[in-house]
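Here is the file work.cif (mmCIF, C-alpha atoms).
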```cif
data_entry
#
loop_
_atom_site.label_atom_id
_atom_site.label_comp_id
_atom_site.auth_asym_id
_atom_site.auth_seq_id
_atom_site.Cartn_x
_atom_site.Cartn_y
_atom_site.Cartn_z
CA MET A 1179 156.07 68.93 117.89
CA ALA A 1180 158.38 65.96 117.44
CA ALA A 1181 160.53 67.97 115.04
CA VAL A 1182 160.94 70.72 117.66
CA ASP A 1183 162.01 68.10 120.21
CA VAL A 1184 164.69 66.85 117.83
CA ILE A 1185 165.97 70.38 117.20
CA VAL A 1186 166.04 71.13 120.93
CA ASP A 1187 167.96 67.92 121.66
CA LYS A 1188 170.56 68.77 119.02
CA LEU A 1189 170.94 72.33 120.33
CA VAL A 1190 171.28 71.14 123.91
CA THR A 1191 173.90 68.60 122.84
CA LEU A 1192 175.81 71.33 121.00
CA TRP A 1193 175.84 73.73 123.96
CA ARG A 1194 176.88 70.97 126.36
CA ILE A 1195 180.17 70.53 124.48
CA PRO A 1196 182.71 72.23 126.79
CA ALA A 1197 184.78 73.57 123.89
CA VAL A 1198 181.74 75.32 122.40
CA ARG A 1199 180.84 77.16 125.61
CA HIS A 1200 184.49 77.90 126.43
CA ASN A 1201 185.40 79.30 123.01
CA PHE A 1202 182.13 81.05 122.13
CA PRO A 1203 183.13 84.39 123.78
CA TRP A 1204 186.46 84.47 121.96
CA ILE A 1205 184.77 83.92 118.60
CA PHE A 1206 183.45 87.49 118.83
CA LEU A 1207 186.90 88.93 119.37
CA LEU A 1208 188.27 86.85 116.49
CA ILE A 1209 185.46 87.93 114.14
CA SER A 1210 185.91 91.56 115.17
CA VAL A 1211 189.65 91.61 114.41
CA PHE A 1212 189.52 89.43 111.29
CA GLY A 1213 186.46 91.26 109.92
CA SER A 1214 188.16 94.61 110.46
CA VAL A 1215 191.22 93.43 108.55
CA LEU A 1216 188.99 92.34 105.65
CA LYS A 1217 187.25 95.72 105.72
CA GLY A 1218 190.61 97.50 105.62
CA LEU A 1219 191.73 95.44 102.65
CA GLU A 1220 188.41 96.18 100.90
CA ILE A 1221 188.12 92.63 99.57
CA VAL A 1222 184.60 91.92 100.82
CA PRO A 1223 182.03 92.80 98.12
CA GLN A 1224 179.08 95.04 98.88
CA THR A 1225 175.93 93.05 99.59
CA TYR A 1226 172.42 93.54 100.95
CA PHE A 1227 173.91 93.49 104.46
CA SER A 1228 176.40 96.28 103.74
CA SER A 1229 173.49 98.71 103.98
CA ASN A 1230 172.31 99.65 107.47
CA ARG A 1231 168.77 99.60 106.07
CA ASN A 1232 168.68 95.82 105.72
CA ALA A 1233 165.71 94.18 107.43
CA LEU A 1234 167.70 92.34 110.11
CA ASN A 1235 169.36 95.57 111.18
CA VAL A 1236 166.20 97.66 111.15
CA TYR A 1237 163.81 95.17 112.78
CA PHE A 1238 166.16 93.17 114.99
CA VAL A 1239 169.54 94.77 115.73
CA LYS A 1240 168.17 98.28 116.29
CA VAL A 1241 165.95 96.83 119.04
CA SER A 1242 168.19 93.88 119.92
CA TRP A 1243 167.92 94.32 123.68
CA GLY A 1244 164.14 94.33 123.41
CA TRP A 1245 164.18 91.04 121.48
CA THR A 1246 166.57 89.52 124.02
CA LEU A 1247 164.38 90.46 126.98
CA LEU A 1248 161.13 89.57 125.21
CA LEU A 1249 162.23 85.96 124.70
CA LEU A 1250 164.51 85.46 127.68
CA THR A 1251 162.20 86.77 130.42
CA PRO A 1252 159.49 84.08 130.02
CA PHE A 1253 162.14 81.43 129.44
CA LEU A 1254 163.96 82.39 132.64
CA LEU A 1255 160.73 82.33 134.65
CA LEU A 1256 159.58 78.97 133.29
CA SER A 1257 162.96 77.24 133.44
CA ASN A 1258 163.92 78.50 136.89
CA SER A 1259 160.49 77.76 138.40
CA SER A 1260 161.04 74.14 137.39
CA PHE A 1261 163.86 74.04 139.95
CA SER A 1262 162.14 76.04 142.69
CA ARG A 1263 158.93 78.02 143.02
CA SER A 1264 160.32 80.05 145.92
CA VAL A 1265 159.49 83.75 145.45
CA PHE A 1266 162.91 84.67 146.85
CA PHE A 1267 164.71 82.34 144.44
CA LEU A 1268 162.78 83.52 141.38
CA SER A 1269 163.11 87.19 142.35
CA ARG A 1270 166.84 86.74 142.82
CA ARG A 1271 167.22 85.09 139.43
CA LEU A 1272 165.11 87.77 137.74
CA LEU A 1273 167.65 90.29 139.03
CA SER A 1274 170.02 88.96 136.37
CA LEU A 1275 167.74 90.64 133.80
CA VAL A 1276 167.91 93.91 135.77
CA VAL A 1277 171.70 93.71 136.05
CA ALA A 1278 172.09 92.92 132.35
CA THR A 1279 169.83 95.83 131.42
CA ALA A 1280 171.89 98.12 133.67
CA VAL A 1281 175.09 96.94 131.95
CA TRP A 1282 173.51 97.61 128.55
CA TYR A 1283 172.28 101.07 129.55
CA ILE A 1284 175.49 102.24 131.26
CA CYS A 1285 177.71 101.05 128.43
CA THR A 1286 175.63 102.51 125.61
CA GLU A 1287 175.21 105.85 127.39
CA THR A 1288 178.96 105.94 128.02
CA PHE A 1289 179.59 105.30 124.32
CA PHE A 1290 177.28 108.22 123.42
CA TYR A 1291 179.05 110.47 125.92
CA ILE A 1292 182.50 109.60 124.56
CA GLU A 1293 181.36 110.29 121.01
CA ASP A 1294 180.00 113.67 122.10
CA VAL A 1295 183.09 114.86 124.00
CA THR A 1296 185.54 113.69 121.32
CA GLY A 1297 183.60 114.92 118.29
CA SER A 1298 183.00 118.00 116.19
CA CYS A 1299 180.16 119.10 113.94
CA PHE A 1300 181.00 119.42 110.25
CA GLU A 1301 178.87 121.20 107.69
CA THR A 1302 180.02 119.01 104.78
CA ASP A 1303 180.75 115.33 104.22
CA THR A 1304 184.34 116.25 103.34
CA MET A 1305 184.66 117.51 106.94
CA ASP A 1306 186.49 120.69 105.99
CA VAL A 1307 184.12 123.18 107.65
CA ILE A 1308 183.54 122.93 111.41
CA ASN A 1309 180.37 124.39 112.93
CA LYS A 1310 181.15 125.19 116.58
CA GLU A 1311 177.56 126.15 117.36
CA PHE A 1312 176.60 122.51 117.91
CA ILE A 1313 178.37 120.64 120.71
CA SER A 1314 176.55 117.30 120.62
CA LYS A 1315 175.86 114.68 117.98
CA ALA A 1316 172.10 114.97 118.45
CA SER A 1317 171.95 118.75 117.90
CA CYS A 1318 174.43 118.55 115.01
CA ARG A 1319 172.46 115.91 113.14
CA ARG A 1320 169.16 117.64 113.79
CA ALA A 1321 170.60 120.63 111.96
CA GLY A 1322 171.42 118.40 108.99
CA PHE A 1323 175.17 118.36 109.55
CA ARG A 1324 177.64 115.53 110.17
CA TRP A 1325 179.13 114.66 113.57
CA ASP A 1326 182.51 112.98 113.76
CA GLY A 1327 183.70 111.61 117.09
CA TYR A 1328 185.16 108.45 118.61
CA ASP A 1329 182.26 106.09 117.90
CA ILE A 1330 182.67 102.92 119.96
CA SER A 1331 180.57 100.30 118.18
CA GLY A 1332 177.35 99.83 120.10
CA HIS A 1333 176.43 97.03 117.67
CA SER A 1334 179.60 95.09 118.46
CA PHE A 1335 178.93 95.53 122.17
CA ILE A 1336 175.25 94.65 122.33
CA LEU A 1337 175.34 91.73 119.88
CA ALA A 1338 178.24 90.04 121.67
CA TYR A 1339 176.82 90.76 125.13
CA SER A 1340 173.29 89.62 124.24
CA ALA A 1341 174.51 86.36 122.72
CA LEU A 1342 176.63 85.54 125.79
CA PHE A 1343 173.78 86.51 128.11
CA ILE A 1344 171.45 84.13 126.29
CA MET A 1345 174.08 81.36 126.33
CA GLU A 1346 174.31 81.58 130.13
CA GLU A 1347 170.62 81.85 130.91
CA THR A 1348 169.54 79.00 128.61
CA ALA A 1349 172.00 76.56 130.23
CA PRO A 1350 169.26 75.02 132.50
CA MET A 1351 167.67 73.47 129.39
CA ALA A 1352 170.20 70.64 129.55
CA SER A 1353 168.75 69.58 132.91
CA LEU A 1354 165.12 70.22 131.98
CA ARG A 1355 165.19 67.66 129.17
CA THR A 1356 164.89 64.94 131.82
CA ALA A 1357 162.65 66.84 134.24
CA SER A 1358 158.97 66.09 134.87
CA LEU A 1359 157.15 68.94 133.17
CA SER A 1360 153.60 69.40 131.95
CA ALA A 1361 153.07 69.07 128.21
CA LEU A 1362 152.27 72.79 127.92
CA SER A 1363 155.32 73.91 129.90
CA LYS A 1364 157.58 71.65 127.88
CA MET A 1365 156.16 72.92 124.58
CA VAL A 1366 156.54 76.58 125.56
CA LEU A 1367 160.08 76.05 126.85
CA ASN A 1368 161.05 74.22 123.67
CA LEU A 1369 159.69 76.97 121.42
CA LEU A 1370 161.35 79.71 123.47
CA TYR A 1371 164.63 77.79 123.48
CA VAL A 1372 164.60 77.38 119.70
CA ALA A 1373 163.67 81.06 119.25
CA LEU A 1374 166.51 82.15 121.55
CA ASN A 1375 168.99 80.07 119.59
CA LEU A 1376 167.73 81.59 116.35
CA ILE A 1377 168.25 85.03 117.86
CA VAL A 1378 171.81 84.07 118.80
CA ILE A 1379 172.43 83.03 115.19
CA ILE A 1380 171.10 86.39 113.98
CA TRP A 1381 173.25 88.26 116.52
CA VAL A 1382 176.42 86.41 115.45
CA TRP A 1383 175.66 86.97 111.74
CA MET A 1384 174.96 90.67 112.21
CA PHE A 1385 178.05 90.98 114.42
CA ALA A 1386 180.08 89.58 111.51
CA CYS A 1387 178.40 92.01 109.09
CA THR A 1388 179.24 94.92 111.41
CA SER A 1389 182.85 93.74 111.51
CA VAL A 1390 183.34 93.64 107.73
CA TYR A 1391 181.21 96.64 106.70
CA PHE A 1392 181.10 99.30 109.43
CA HIS A 1393 183.24 101.26 111.92
CA ASP A 1394 187.01 101.44 112.41
CA MET A 1395 188.84 98.49 113.93
CA SER A 1396 189.44 100.13 117.32
CA HIS A 1397 185.74 101.10 117.58
CA LYS A 1398 184.64 97.50 117.00
CA VAL A 1399 187.30 95.80 119.11
CA LEU A 1400 186.66 98.13 122.06
CA GLY A 1401 182.90 97.59 121.79
CA THR A 1402 183.45 93.82 121.68
CA ILE A 1403 185.76 93.91 124.69
CA CYS A 1404 183.14 95.87 126.65
CA GLY A 1405 180.59 93.17 125.82
CA LEU A 1406 182.96 90.40 126.91
CA LEU A 1407 183.81 92.24 130.13
CA GLY A 1408 180.13 92.79 130.93
CA TRP A 1409 179.56 89.04 130.61
CA TYR A 1410 182.76 87.94 132.37
CA LEU A 1411 182.48 90.25 135.40
CA THR A 1412 178.92 89.07 136.07
CA TYR A 1413 178.78 85.37 135.18
CA ARG A 1414 182.40 84.48 135.90
CA VAL A 1415 183.04 86.72 138.91
CA TRP A 1416 180.10 88.40 140.68
CA TYR A 1417 177.45 85.69 140.20
CA LEU A 1418 179.71 83.19 141.97
CA LYS A 1419 179.29 85.25 145.16
CA PRO A 1420 176.44 84.79 147.68
CA LEU A 1421 175.20 88.39 147.34
CA SER A 1422 174.31 88.24 143.66
CA PRO A 1423 171.54 87.02 141.33
CA GLY A 1424 173.48 83.74 141.19
CA LEU A 1425 174.16 81.48 138.25
CA PRO A 1426 171.33 79.75 136.36
CA PRO A 1427 170.38 76.54 138.21
CA GLN A 1428 171.37 73.14 136.92
CA ARG A 1429 170.73 69.77 138.53
CA GLN A 1430 173.70 67.68 139.53
CA LEU A 1431 174.40 64.58 137.47
CA LYS A 1432 173.14 62.27 140.21
CA GLU A 1433 169.83 64.13 140.40
CA GLN A 1434 169.47 64.09 136.63
CA LYS A 1435 169.80 60.28 136.65
CA GLN A 1436 167.01 60.08 139.23
CA HIS A 1437 164.71 62.05 136.91
CA ALA A 1438 165.63 60.00 133.87
#
```
Structure rendered as structure tokens:
Amino acid sequence: MAAVDVIVDKLVTLWRIPAVRHNFPWIFLLISVFGSVLKGLEIVPQTYFSSNRNALNVYFVKVSWGWTLLLLTPFLLLSNSSFSRSVFFLSRRLLSLVVATAVWYICTETFFYIEDVTGSCFETDTMDVINKEFISKASCRRAGFRWDGYDISGHSFILAYSALFIMEETAPMASLRTASLSALSKMVLNLLYVALNLIVIIWVWMFACTSVYFHDMSHKVLGTICGLLGWYLTYRVWYLKPLSPGLPPQRQLKEQKQHA
């Protein structure tokens, strides 16, 4: 497991660089705009990832929130319990998962609603014959027709939001490198931390693929902004307040030196 320790140390060092954490959210907005421009200019060649049937999209992005929760829930429990085993503290911190899931659900359902109320059902791909019998995307597509509405990019939203959510909740790892943990706990935390970082890499890559291959610019930029707002309003505003799940715990520098 020495190799895993080295990887974890390098990842922790990377995320502790202030410029990395500060600029990471804005990278998504930059990719979204720049990728959309490239798509409009049609200079990016078609690749394996230009098909929505690619493996990363089918087995990861389509269930991205499930992957995020699957890996982050045990990591949050293990990492936070290293700071305090108080039931109140752990329950409060677990609420961040509930809040994030609520943000995901409300935003995606809102996107579906907007697409329904702004769209029409067309009987042909050329969109020259409207079928007014179907008033929702679901019923239209079940009938084998094509629905065209304002489709805010759910991929742009969830990939940006999930990556930022993981960035925030894995921050305690910097303190836990010098904490007294059992060999098993340390090994599990290390593996989960590496897996979460791999997921972030996948989310950023697929976010870039979405930007250059799919959706209109406004759909992607608006979806990205929703993801950034979901992160900012929780971790930069609400979680600073007493009545909130609170920010992920981190030991003060003086305490870290005592554990070293």
Could you tell me, as JSON, numbers by chain, exactly which residues end up selected when the PyMOL selection byres ((chain A and resi 1424) around 10) is applied to this structure?
{"A": [1267, 1270, 1271, 1272, 1273, 1274, 1412, 1413, 1416, 1417, 1418, 1419, 1420, 1421, 1422, 1423, 1425, 1426, 1427]}
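The smallest atom-to-atom distance between Cys1387 (chain A) and any of A:Tyr1226, A:Tyr1410, A:Phe1289, A:Trp1243, using only C-alpha atoms, is found for A:Tyr1226.
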On this file, the PyMOL selection byres ((chain A and resi 1182) around 9) gives some set of residues; write that set as a PyMOL selection string.
chain A and resi 1179-1181+1183-1187+1365+1368-1369+1372
Given only C-alpha atoms as the counted atoms, nearest of A:Thr1348, A:Asn1201, A:Thr1402, A:Ser1264 to Thr1251 (chain A):
A:Thr1348
What residues come out when you apply the PyMOL selection byres ((chain A and resi 1222) around 12) to this file, written as a PyMOL selection string?
chain A and resi 1212-1221+1223-1225+1227-1228+1386-1387+1389-1392
Export of prior selection with C-alpha atoms as an mmCIF file, keeping the file's coordinate frame:
```
data_model
loop_
_atom_site.group_PDB
_atom_site.id
_atom_site.type_symbol
_atom_site.label_atom_id
_atom_site.label_comp_id
_atom_site.auth_asym_id
_atom_site.auth_seq_id
_atom_site.Cartn_x
_atom_site.Cartn_y
_atom_site.Cartn_z
ATOM 1 C CA PHE A 1212 189.520 89.430 111.290
ATOM 2 C CA GLY A 1213 186.460 91.260 109.920
ATOM 3 C CA SER A 1214 188.160 94.610 110.460
ATOM 4 C CA VAL A 1215 191.220 93.430 108.550
ATOM 5 C CA LEU A 1216 188.990 92.340 105.650
ATOM 6 C CA LYS A 1217 187.250 95.720 105.720
ATOM 7 C CA GLY A 1218 190.610 97.500 105.620
ATOM 8 C CA LEU A 1219 191.730 95.440 102.650
ATOM 9 C CA GLU A 1220 188.410 96.180 100.900
ATOM 10 C CA ILE A 1221 188.120 92.630 99.570
ATOM 11 C CA PRO A 1223 182.030 92.800 98.120
ATOM 12 C CA GLN A 1224 179.080 95.040 98.880
ATOM 13 C CA THR A 1225 175.930 93.050 99.590
ATOM 14 C CA PHE A 1227 173.910 93.490 104.460
ATOM 15 C CA SER A 1228 176.400 96.280 103.740
ATOM 16 C CA ALA A 1386 180.080 89.580 111.510
ATOM 17 C CA CYS A 1387 178.400 92.010 109.090
ATOM 18 C CA SER A 1389 182.850 93.740 111.510
ATOM 19 C CA VAL A 1390 183.340 93.640 107.730
ATOM 20 C CA TYR A 1391 181.210 96.640 106.700
ATOM 21 C CA PHE A 1392 181.100 99.300 109.430
#
```
For a quick check of understanding, using all atoms listed in the file, which of A:Leu1400, A:Val1236, A:Ala1316, A:Cys1299 has the smallest distance to Ser1331 (chain A)?
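Selected residue with least distance to Ser1331 (chain A): A:Leu1400.
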Between CA of Leu1256 (chain A) and CA of Pro1350 (chain A), what is the spacing in Å?
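Value for the CA of Pro1350 (chain A)-CA of Leu1256 (chain A) distance: 10.5 Å.
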Atom pair CA of Thr1356 (chain A) / CA of Lys1188 (chain A): separation (Å)
14.5 Å
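The closest residue to Ser1229 (chain A), picked from A:Thr1388, A:Trp1282, A:Ser1340, A:Gln1428 and counting only C-alpha atoms, is A:Thr1388.
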Expressed in Å to a single decimal, how great is the separation between CA of Arg1324 (chain A) and CA of Glu1301 (chain A)?
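We find that CA of Arg1324 (chain A) and CA of Glu1301 (chain A) lie 6.3 Å from each other.
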When distances are computed from all atoms listed in the file, which of A:Val1276, A:Gly1332, A:Tyr1371, A:Thr1296 shows the smallest separation from Ala1349 (chain A)?
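When distances to Ala1349 (chain A) are compared using all atoms listed in the file, the smallest one comes from A:Tyr1371.
Among the candidates A:Ile1330, A:Lys1364, A:Leu1342, A:Gly1408, the one nearest to Ile1205 (chain A) when counting all atoms listed in the file is A:Leu1342.
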